Amino acid sequence: MTVSPTVPGDEAPLTAAQSDPTVMGWMQGFPPPPDKRITQPDSVYFSFPKLRWSVCHMRQLLPSVEVSRGLGNAVPLAYAPGSERQRMEAEIDALVFKPLDERAPMTWEESLGVNYTDGMLVFHDNRVVYERYLGCLAEDGQHAVMSMTKSLTGLLAQMLVAEGALDEQALVVDLVPEVAGSAFADATVRQVMDMTTGLHYSEDYSDPEADIWKYSAAASPLPKPAGYTGPNGYFEYLQQVRPEGRHGEAFHYRTVNADMTGWLVARASGKSVAELASERLWRPMGAEQSGYMLVDGIGTPYAGGGLSAGLRDLGRLGLLMLNEGEINDEQLFPAEVVRHIRGGGDPSKFGTAYPALIGGSYTSLWWVYPGEHEVIAARGVHGQTIYVDFTARVVIVRLASFPKPSNPLIDPTSIPAFQVLCRHLQQHQRR
């Protein structure tokens with residue numbers, strides 16, 4: 001992890017409109033006034049409301065490596081015709097749903113502000129039917145996707161599994177001998193990809209003493225403070241993770257599994273996650289913009305949460321999942337990659353830590369939702385989502401800067417909003 005923790009107990013007294021980075025005046029002027037500067041390492045740049053600017057400017061704060069789109073032309077997305085899209089956007093904004101908690105019904109448009117939305121893109125049957133930019137995000141901007149990066153890493157790993165380059169039943173230590181003394185050593189590749197490893201590791205973002213922040217300190221590319229004796233970088237940290245519990249028994253959401261998957265991907269392919277994502281996804285899918293990934297002190301891409309990308313390029317990733325590896329009439333990876341993810345993990349291991357997703361599962365670093373519709377998702381803190389509804393043929397990409405780093409706080413409005421939208425578009429298909 002390479003961002004600063006939100007201070008425990010932080011409140012969000014400002015609405016989305018009030019905390020808009022332009023309204024706040026962050027980093028405006030030449031130079032910006034001292035009280036409007038967001039810098040590294042002097043300010044807590046991921047505390048609210050500063051984070052509403054920071055999520056669109058990560059490479060101004062930390063070193064990064066490019067996920068190159070190459071030199072070819074972008075392949076345009078298909079859009080619903082102008083008048084039809086205007087009508088559909090108005091219909092979507094007016095949709096009403098009941099949140100899962102005690103809040104009163106709200107409209108789709110109201111939920112954008114409630115969830116501090118920065119960007120929203122909706123596809124139906126491979127056409128864009130809704131597109132909105134808010135907050136810090138412009139049409140040509142890039143936004144941090146946080147733990148949606150995990151799903152990119154998991155997709156690359158599942159591609160290598162399907163192609164026979166990565167053995168999912170192999171022990172991690174047989175592929176990465178450097179972890180021989182860690183809890184990962186006797187886990188299988190599949191257990192790491194499904195986050196069913198038995199590790200001593202806390203992912204509580206609200207606890208400044210949690211392991212996630214020790215991981216952040218190790219991963220920081222900035223000079224270590226005087227007296228620091230901990231690991232340097234992701235790979236060194238992974239080598240000292242201690243065991244707790246038994247591998248394969250239960251799902252526990254832990255970022256270190258994603259970075260271990262990234263190490264496995266790199267070892268199996270001979271390329272970093274950023275290089276492989278460029279070669280296998282960004283270039284052939286006709287991306288409009290290069291993405292970028294934050295790196296640690298030795299240049300290792302942050303496979304667990306370091307990606308920033310454009311809204312429409314994240315939409316292209318969603319289309320690849322919806323269409324089982326196909327985009328622009330080309331098959332970029334075997335259909336069985338997506339079919340495995342659609343099949344989900346073992347629901348009996350999923351637990352109850354995510355109340356709105358009870359009955360779902362997790363596999364290959366993707367979330368598999370419960371419910372009548374077949375849905376998978378990439379998720380990241382502060383409200384990042386790629387939501388793929390195979391039943392309704394819908395892809396939703398939302399980028400956001402919700403004040404708290406906890407998606408269970410956003411699920412009560414997000415999930416019913418997405419569900420009512422998918423039902424609406426499914427009915428539209430039948431007209």
# chains A, B, ... in the order shown; residues from 1 in each chain; ligands from 1
>>> closest_atom_pairs(of="range 104-180 of chain A", to="range 9-29 of chain A", cutoff="12 Å", atoms="only C-alpha atoms", output="JSON lines")
{"residue": "A:Glu110", "atom": "CA", "partner": "A:Ala16", "partner_atom": "CA", "distance": 10.7}
{"residue": "A:Ser111", "atom": "CA", "partner": "A:Ala16", "partner_atom": "CA", "distance": 10.6}
{"residue": "A:Leu112", "atom": "CA", "partner": "A:Ala16", "partner_atom": "CA", "distance": 8.7}
{"residue": "A:Gly113", "atom": "CA", "partner": "A:Ala16", "partner_atom": "CA", "distance": 5.4}
{"residue": "A:Val114", "atom": "CA", "partner": "A:Ala16", "partner_atom": "CA", "distance": 7.0}
{"residue": "A:Asn115", "atom": "CA", "partner": "A:Ala16", "partner_atom": "CA", "distance": 7.9}
{"residue": "A:Tyr116", "atom": "CA", "partner": "A:Ala16", "partner_atom": "CA", "distance": 5.1}
{"residue": "A:Thr117", "atom": "CA", "partner": "A:Ala16", "partner_atom": "CA", "distance": 7.9}
{"residue": "A:Asp118", "atom": "CA", "partner": "A:Asp20", "partner_atom": "CA", "distance": 9.4}
{"residue": "A:Tyr133", "atom": "CA", "partner": "A:Asp20", "partner_atom": "CA", "distance": 12.0}
{"residue": "A:Leu134", "atom": "CA", "partner": "A:Asp20", "partner_atom": "CA", "distance": 8.3}
{"residue": "A:Gly135", "atom": "CA", "partner": "A:Asp20", "partner_atom": "CA", "distance": 5.2}
{"residue": "A:Cys136", "atom": "CA", "partner": "A:Pro21", "partner_atom": "CA", "distance": 6.1}
{"residue": "A:Leu137", "atom": "CA", "partner": "A:Pro21", "partner_atom": "CA", "distance": 9.8}
{"residue": "A:Ala138", "atom": "CA", "partner": "A:Thr22", "partner_atom": "CA", "distance": 11.9}
>>> write_last_selection(atoms="N, CA, C and O atoms", output="PDB file, in the first residue's frame")
ATOM      1  N   GLU A 110     -29.311  11.278  -7.566  1.00  0.00           N
ATOM      2  CA  GLU A 110     -28.979  11.634  -6.184  1.00  0.00           C
ATOM      3  C   GLU A 110     -27.867  10.741  -5.639  1.00  0.00           C
ATOM      4  O   GLU A 110     -27.004  11.197  -4.879  1.00  0.00           O
ATOM      5  N   SER A 111     -27.862   9.480  -6.037  1.00  0.00           N
ATOM      6  CA  SER A 111     -26.862   8.543  -5.513  1.00  0.00           C
ATOM      7  C   SER A 111     -25.454   8.899  -5.984  1.00  0.00           C
ATOM      8  O   SER A 111     -24.473   8.565  -5.318  1.00  0.00           O
ATOM      9  N   LEU A 112     -25.331   9.595  -7.119  1.00  0.00           N
ATOM     10  CA  LEU A 112     -24.005   9.988  -7.585  1.00  0.00           C
ATOM     11  C   LEU A 112     -23.334  10.889  -6.559  1.00  0.00           C
ATOM     12  O   LEU A 112     -22.148  10.729  -6.246  1.00  0.00           O
ATOM     13  N   GLY A 113     -24.082  11.835  -6.021  1.00  0.00           N
ATOM     14  CA  GLY A 113     -23.530  12.717  -5.002  1.00  0.00           C
ATOM     15  C   GLY A 113     -23.336  12.022  -3.675  1.00  0.00           C
ATOM     16  O   GLY A 113     -22.326  12.226  -2.998  1.00  0.00           O
ATOM     17  N   VAL A 114     -24.298  11.186  -3.286  1.00  0.00           N
ATOM     18  CA  VAL A 114     -24.200  10.467  -2.015  1.00  0.00           C
ATOM     19  C   VAL A 114     -22.927   9.625  -1.966  1.00  0.00           C
ATOM     20  O   VAL A 114     -22.286   9.511  -0.914  1.00  0.00           O
ATOM     21  N   ASN A 115     -22.542   9.064  -3.109  1.00  0.00           N
ATOM     22  CA  ASN A 115     -21.362   8.204  -3.171  1.00  0.00           C
ATOM     23  C   ASN A 115     -20.112   8.934  -3.665  1.00  0.00           C
ATOM     24  O   ASN A 115     -19.106   8.300  -3.949  1.00  0.00           O
ATOM     25  N   TYR A 116     -20.166  10.276  -3.758  1.00  0.00           N
ATOM     26  CA  TYR A 116     -19.013  11.090  -4.135  1.00  0.00           C
ATOM     27  C   TYR A 116     -18.415  10.606  -5.463  1.00  0.00           C
ATOM     28  O   TYR A 116     -17.211  10.411  -5.607  1.00  0.00           O
ATOM     29  N   THR A 117     -19.292  10.413  -6.427  1.00  0.00           N
ATOM     30  CA  THR A 117     -18.902   9.888  -7.732  1.00  0.00           C
ATOM     31  C   THR A 117     -18.065  10.903  -8.507  1.00  0.00           C
ATOM     32  O   THR A 117     -18.409  12.081  -8.583  1.00  0.00           O
ATOM     33  N   ASP A 118     -16.972  10.426  -9.104  1.00  0.00           N
ATOM     34  CA  ASP A 118     -16.129  11.249  -9.968  1.00  0.00           C
ATOM     35  C   ASP A 118     -16.331  10.909 -11.439  1.00  0.00           C
ATOM     36  O   ASP A 118     -16.098  11.751 -12.312  1.00  0.00           O
ATOM     37  N   TYR A 133     -18.832  12.859 -15.933  1.00  0.00           N
ATOM     38  CA  TYR A 133     -17.581  13.217 -15.277  1.00  0.00           C
ATOM     39  C   TYR A 133     -17.872  14.272 -14.217  1.00  0.00           C
ATOM     40  O   TYR A 133     -18.532  15.274 -14.489  1.00  0.00           O
ATOM     41  N   LEU A 134     -17.354  14.032 -13.014  1.00  0.00           N
ATOM     42  CA  LEU A 134     -17.613  14.897 -11.875  1.00  0.00           C
ATOM     43  C   LEU A 134     -16.330  15.039 -11.061  1.00  0.00           C
ATOM     44  O   LEU A 134     -15.319  14.397 -11.354  1.00  0.00           O
ATOM     45  N   GLY A 135     -16.372  15.863 -10.017  1.00  0.00           N
ATOM     46  CA  GLY A 135     -15.242  15.961  -9.106  1.00  0.00           C
ATOM     47  C   GLY A 135     -13.958  16.315  -9.822  1.00  0.00           C
ATOM     48  O   GLY A 135     -13.903  17.246 -10.629  1.00  0.00           O
ATOM     49  N   CYS A 136     -12.905  15.544  -9.570  1.00  0.00           N
ATOM     50  CA  CYS A 136     -11.584  15.822 -10.139  1.00  0.00           C
ATOM     51  C   CYS A 136     -11.417  15.272 -11.543  1.00  0.00           C
ATOM     52  O   CYS A 136     -10.415  15.564 -12.204  1.00  0.00           O
ATOM     53  N   LEU A 137     -12.352  14.460 -12.013  1.00  0.00           N
ATOM     54  CA  LEU A 137     -12.122  13.684 -13.234  1.00  0.00           C
ATOM     55  C   LEU A 137     -12.659  14.395 -14.473  1.00  0.00           C
ATOM     56  O   LEU A 137     -13.843  14.735 -14.539  1.00  0.00           O
ATOM     57  N   ALA A 138     -11.774  14.589 -15.458  1.00  0.00           N
ATOM     58  CA  ALA A 138     -12.162  15.085 -16.769  1.00  0.00           C
ATOM     59  C   ALA A 138     -12.131  13.930 -17.766  1.00  0.00           C
ATOM     60  O   ALA A 138     -11.603  12.853 -17.483  1.00  0.00           O
TER      61      ALA A 138
END
>>> select_by_dssp(residues="range 284-403 of chain A", states="helix (DSSP H, G or I)", output="ChimeraX atom specification")
/A:311-322,335-343,347-349,355-357
>>> write_last_selection(atoms="N, CA and C atoms", output="PDB file, in the first residue's frame")
ATOM      1  N   LEU A 311     -11.468   6.468 -17.528  1.00  0.00           N
ATOM      2  CA  LEU A 311     -12.777   5.838 -17.338  1.00  0.00           C
ATOM      3  C   LEU A 311     -13.135   4.921 -18.504  1.00  0.00           C
ATOM      4  N   ARG A 312     -12.939   5.396 -19.724  1.00  0.00           N
ATOM      5  CA  ARG A 312     -13.349   4.588 -20.870  1.00  0.00           C
ATOM      6  C   ARG A 312     -12.463   3.362 -21.062  1.00  0.00           C
ATOM      7  N   ASP A 313     -11.184   3.457 -20.699  1.00  0.00           N
ATOM      8  CA  ASP A 313     -10.333   2.278 -20.808  1.00  0.00           C
ATOM      9  C   ASP A 313     -10.706   1.222 -19.772  1.00  0.00           C
ATOM     10  N   LEU A 314     -11.130   1.651 -18.603  1.00  0.00           N
ATOM     11  CA  LEU A 314     -11.660   0.690 -17.627  1.00  0.00           C
ATOM     12  C   LEU A 314     -12.944   0.070 -18.152  1.00  0.00           C
ATOM     13  N   GLY A 315     -13.724   0.856 -18.902  1.00  0.00           N
ATOM     14  CA  GLY A 315     -14.902   0.299 -19.562  1.00  0.00           C
ATOM     15  C   GLY A 315     -14.534  -0.781 -20.561  1.00  0.00           C
ATOM     16  N   ARG A 316     -13.430  -0.591 -21.261  1.00  0.00           N
ATOM     17  CA  ARG A 316     -12.978  -1.624 -22.201  1.00  0.00           C
ATOM     18  C   ARG A 316     -12.639  -2.920 -21.467  1.00  0.00           C
ATOM     19  N   LEU A 317     -12.031  -2.811 -20.284  1.00  0.00           N
ATOM     20  CA  LEU A 317     -11.780  -4.017 -19.492  1.00  0.00           C
ATOM     21  C   LEU A 317     -13.099  -4.706 -19.133  1.00  0.00           C
ATOM     22  N   GLY A 318     -14.097  -3.901 -18.758  1.00  0.00           N
ATOM     23  CA  GLY A 318     -15.406  -4.468 -18.457  1.00  0.00           C
ATOM     24  C   GLY A 318     -16.013  -5.173 -19.645  1.00  0.00           C
ATOM     25  N   LEU A 319     -15.877  -4.594 -20.834  1.00  0.00           N
ATOM     26  CA  LEU A 319     -16.394  -5.239 -22.043  1.00  0.00           C
ATOM     27  C   LEU A 319     -15.666  -6.548 -22.325  1.00  0.00           C
ATOM     28  N   LEU A 320     -14.355  -6.574 -22.069  1.00  0.00           N
ATOM     29  CA  LEU A 320     -13.619  -7.828 -22.244  1.00  0.00           C
ATOM     30  C   LEU A 320     -14.175  -8.927 -21.355  1.00  0.00           C
ATOM     31  N   MET A 321     -14.550  -8.575 -20.134  1.00  0.00           N
ATOM     32  CA  MET A 321     -15.128  -9.581 -19.240  1.00  0.00           C
ATOM     33  C   MET A 321     -16.516  -9.979 -19.717  1.00  0.00           C
ATOM     34  N   LEU A 322     -17.339  -8.992 -20.080  1.00  0.00           N
ATOM     35  CA  LEU A 322     -18.703  -9.296 -20.536  1.00  0.00           C
ATOM     36  C   LEU A 322     -18.688 -10.221 -21.746  1.00  0.00           C
ATOM     37  N   ALA A 335     -11.799 -17.747 -23.711  1.00  0.00           N
ATOM     38  CA  ALA A 335     -13.085 -17.525 -23.045  1.00  0.00           C
ATOM     39  C   ALA A 335     -13.138 -18.215 -21.690  1.00  0.00           C
ATOM     40  N   GLU A 336     -12.404 -19.304 -21.530  1.00  0.00           N
ATOM     41  CA  GLU A 336     -12.451 -20.041 -20.267  1.00  0.00           C
ATOM     42  C   GLU A 336     -11.916 -19.222 -19.097  1.00  0.00           C
ATOM     43  N   VAL A 337     -11.140 -18.173 -19.385  1.00  0.00           N
ATOM     44  CA  VAL A 337     -10.657 -17.292 -18.325  1.00  0.00           C
ATOM     45  C   VAL A 337     -11.839 -16.656 -17.607  1.00  0.00           C
ATOM     46  N   VAL A 338     -12.736 -16.053 -18.366  1.00  0.00           N
ATOM     47  CA  VAL A 338     -13.907 -15.408 -17.778  1.00  0.00           C
ATOM     48  C   VAL A 338     -14.882 -16.454 -17.245  1.00  0.00           C
ATOM     49  N   ARG A 339     -14.999 -17.559 -17.924  1.00  0.00           N
ATOM     50  CA  ARG A 339     -15.932 -18.601 -17.468  1.00  0.00           C
ATOM     51  C   ARG A 339     -15.532 -19.132 -16.100  1.00  0.00           C
ATOM     52  N   HIS A 340     -14.231 -19.233 -15.858  1.00  0.00           N
ATOM     53  CA  HIS A 340     -13.801 -19.638 -14.512  1.00  0.00           C
ATOM     54  C   HIS A 340     -14.245 -18.600 -13.481  1.00  0.00           C
ATOM     55  N   ILE A 341     -14.006 -17.341 -13.773  1.00  0.00           N
ATOM     56  CA  ILE A 341     -14.364 -16.292 -12.820  1.00  0.00           C
ATOM     57  C   ILE A 341     -15.877 -16.242 -12.626  1.00  0.00           C
ATOM     58  N   ARG A 342     -16.642 -16.353 -13.694  1.00  0.00           N
ATOM     59  CA  ARG A 342     -18.111 -16.378 -13.581  1.00  0.00           C
ATOM     60  C   ARG A 342     -18.576 -17.533 -12.697  1.00  0.00           C
ATOM     61  N   GLY A 343     -17.834 -18.640 -12.747  1.00  0.00           N
ATOM     62  CA  GLY A 343     -18.214 -19.792 -11.939  1.00  0.00           C
ATOM     63  C   GLY A 343     -18.034 -19.558 -10.454  1.00  0.00           C
ATOM     64  N   PRO A 347     -18.774 -20.524  -2.058  1.00  0.00           N
ATOM     65  CA  PRO A 347     -19.538 -19.608  -1.206  1.00  0.00           C
ATOM     66  C   PRO A 347     -19.458 -19.946   0.278  1.00  0.00           C
ATOM     67  N   SER A 348     -19.232 -21.224   0.612  1.00  0.00           N
ATOM     68  CA  SER A 348     -19.180 -21.610   2.022  1.00  0.00           C
ATOM     69  C   SER A 348     -17.946 -21.028   2.712  1.00  0.00           C
ATOM     70  N   LYS A 349     -16.969 -20.577   1.944  1.00  0.00           N
ATOM     71  CA  LYS A 349     -15.753 -19.994   2.522  1.00  0.00           C
ATOM     72  C   LYS A 349     -15.808 -18.472   2.584  1.00  0.00           C
ATOM     73  N   PRO A 355     -21.702  -7.593   4.368  1.00  0.00           N
ATOM     74  CA  PRO A 355     -23.129  -7.920   4.557  1.00  0.00           C
ATOM     75  C   PRO A 355     -23.946  -7.917   3.275  1.00  0.00           C
ATOM     76  N   ALA A 356     -23.688  -6.974   2.376  1.00  0.00           N
ATOM     77  CA  ALA A 356     -24.486  -6.885   1.153  1.00  0.00           C
ATOM     78  C   ALA A 356     -24.129  -7.975   0.146  1.00  0.00           C
ATOM     79  N   LEU A 357     -23.036  -8.700   0.390  1.00  0.00           N
ATOM     80  CA  LEU A 357     -22.575  -9.716  -0.560  1.00  0.00           C
ATOM     81  C   LEU A 357     -22.648 -11.128   0.005  1.00  0.00           C
TER      82      LEU A 357
END
>>> atom_distance(atom1="CA of Lys36 in chain A", atom2="CA of Gly306 in chain A")
25.0 Å
>>> atom_distance(atom1="CA of Gln40 in chain A", atom2="CA of Gly310 in chain A")
23.1 Å
>>> closest_residue(among="A:Val381, A:Ala277, A:Leu421, A:Leu238", to="Glu89 in chain A", atoms="only C-alpha atoms")
A:Leu421
>>> closest_residue(among="A:Ala74, A:Ala157, A:Met148, A:Leu166", to="Trp367 in chain A", atoms="only C-alpha atoms")
A:Met148
>>> residues_around(residues="range 48-55 of chain A", least_positions_apart="3", cutoff="6 Å", atoms="only C-alpha atoms", output="MDAnalysis selection string")
chainID A and resid 21 45 58 136 143:144 401 403
>>> residues_around(residues="Gly198 in chain A", least_positions_apart="5", cutoff="6 Å", atoms="only C-alpha atoms", output="JSON, numbers by chain")
{"A": [243, 244, 245, 246, 247]}
>>> closest_atom_pairs(of="range 274-368 of chain A", to="range 219-229 of chain A", cutoff="10 Å", atoms="only C-alpha atoms", output="Markdown table")
| residue | atom | partner | partner_atom | distance |
| --- | --- | --- | --- | --- |
| A:Leu294 | CA | A:Pro221 | CA | 9.1 |
| A:Val295 | CA | A:Pro221 | CA | 6.9 |
| A:Asp296 | CA | A:Pro221 | CA | 4.6 |
| A:Gly297 | CA | A:Pro221 | CA | 3.8 |
| A:Ile298 | CA | A:Pro221 | CA | 7.5 |
| A:Gly299 | CA | A:Pro221 | CA | 8.1 |
| A:Thr300 | CA | A:Ala219 | CA | 9.0 |
| A:Pro301 | CA | A:Ala219 | CA | 10.0 |
| A:Tyr302 | CA | A:Ala219 | CA | 8.5 |
>>> select_by_dssp(residues="range 89-301 of chain A", states="strand (DSSP E or B)", output="PyMOL selection string")
chain A and resi 96-97+106-107+117-124+127-133+143-144+171+188+199+243+291-295+301
>>> residues_around(residues="Thr413 in chain A", least_positions_apart="3", cutoff="8 Å", atoms="only C-alpha atoms", output="PyMOL selection string")
chain A and resi 98-100+111+115+410+416-417
>>> closest_residue(among="A:His200, A:Glu139, A:Gly345, A:Thr385", to="Pro370 in chain A", atoms="only C-alpha atoms")
A:Gly345
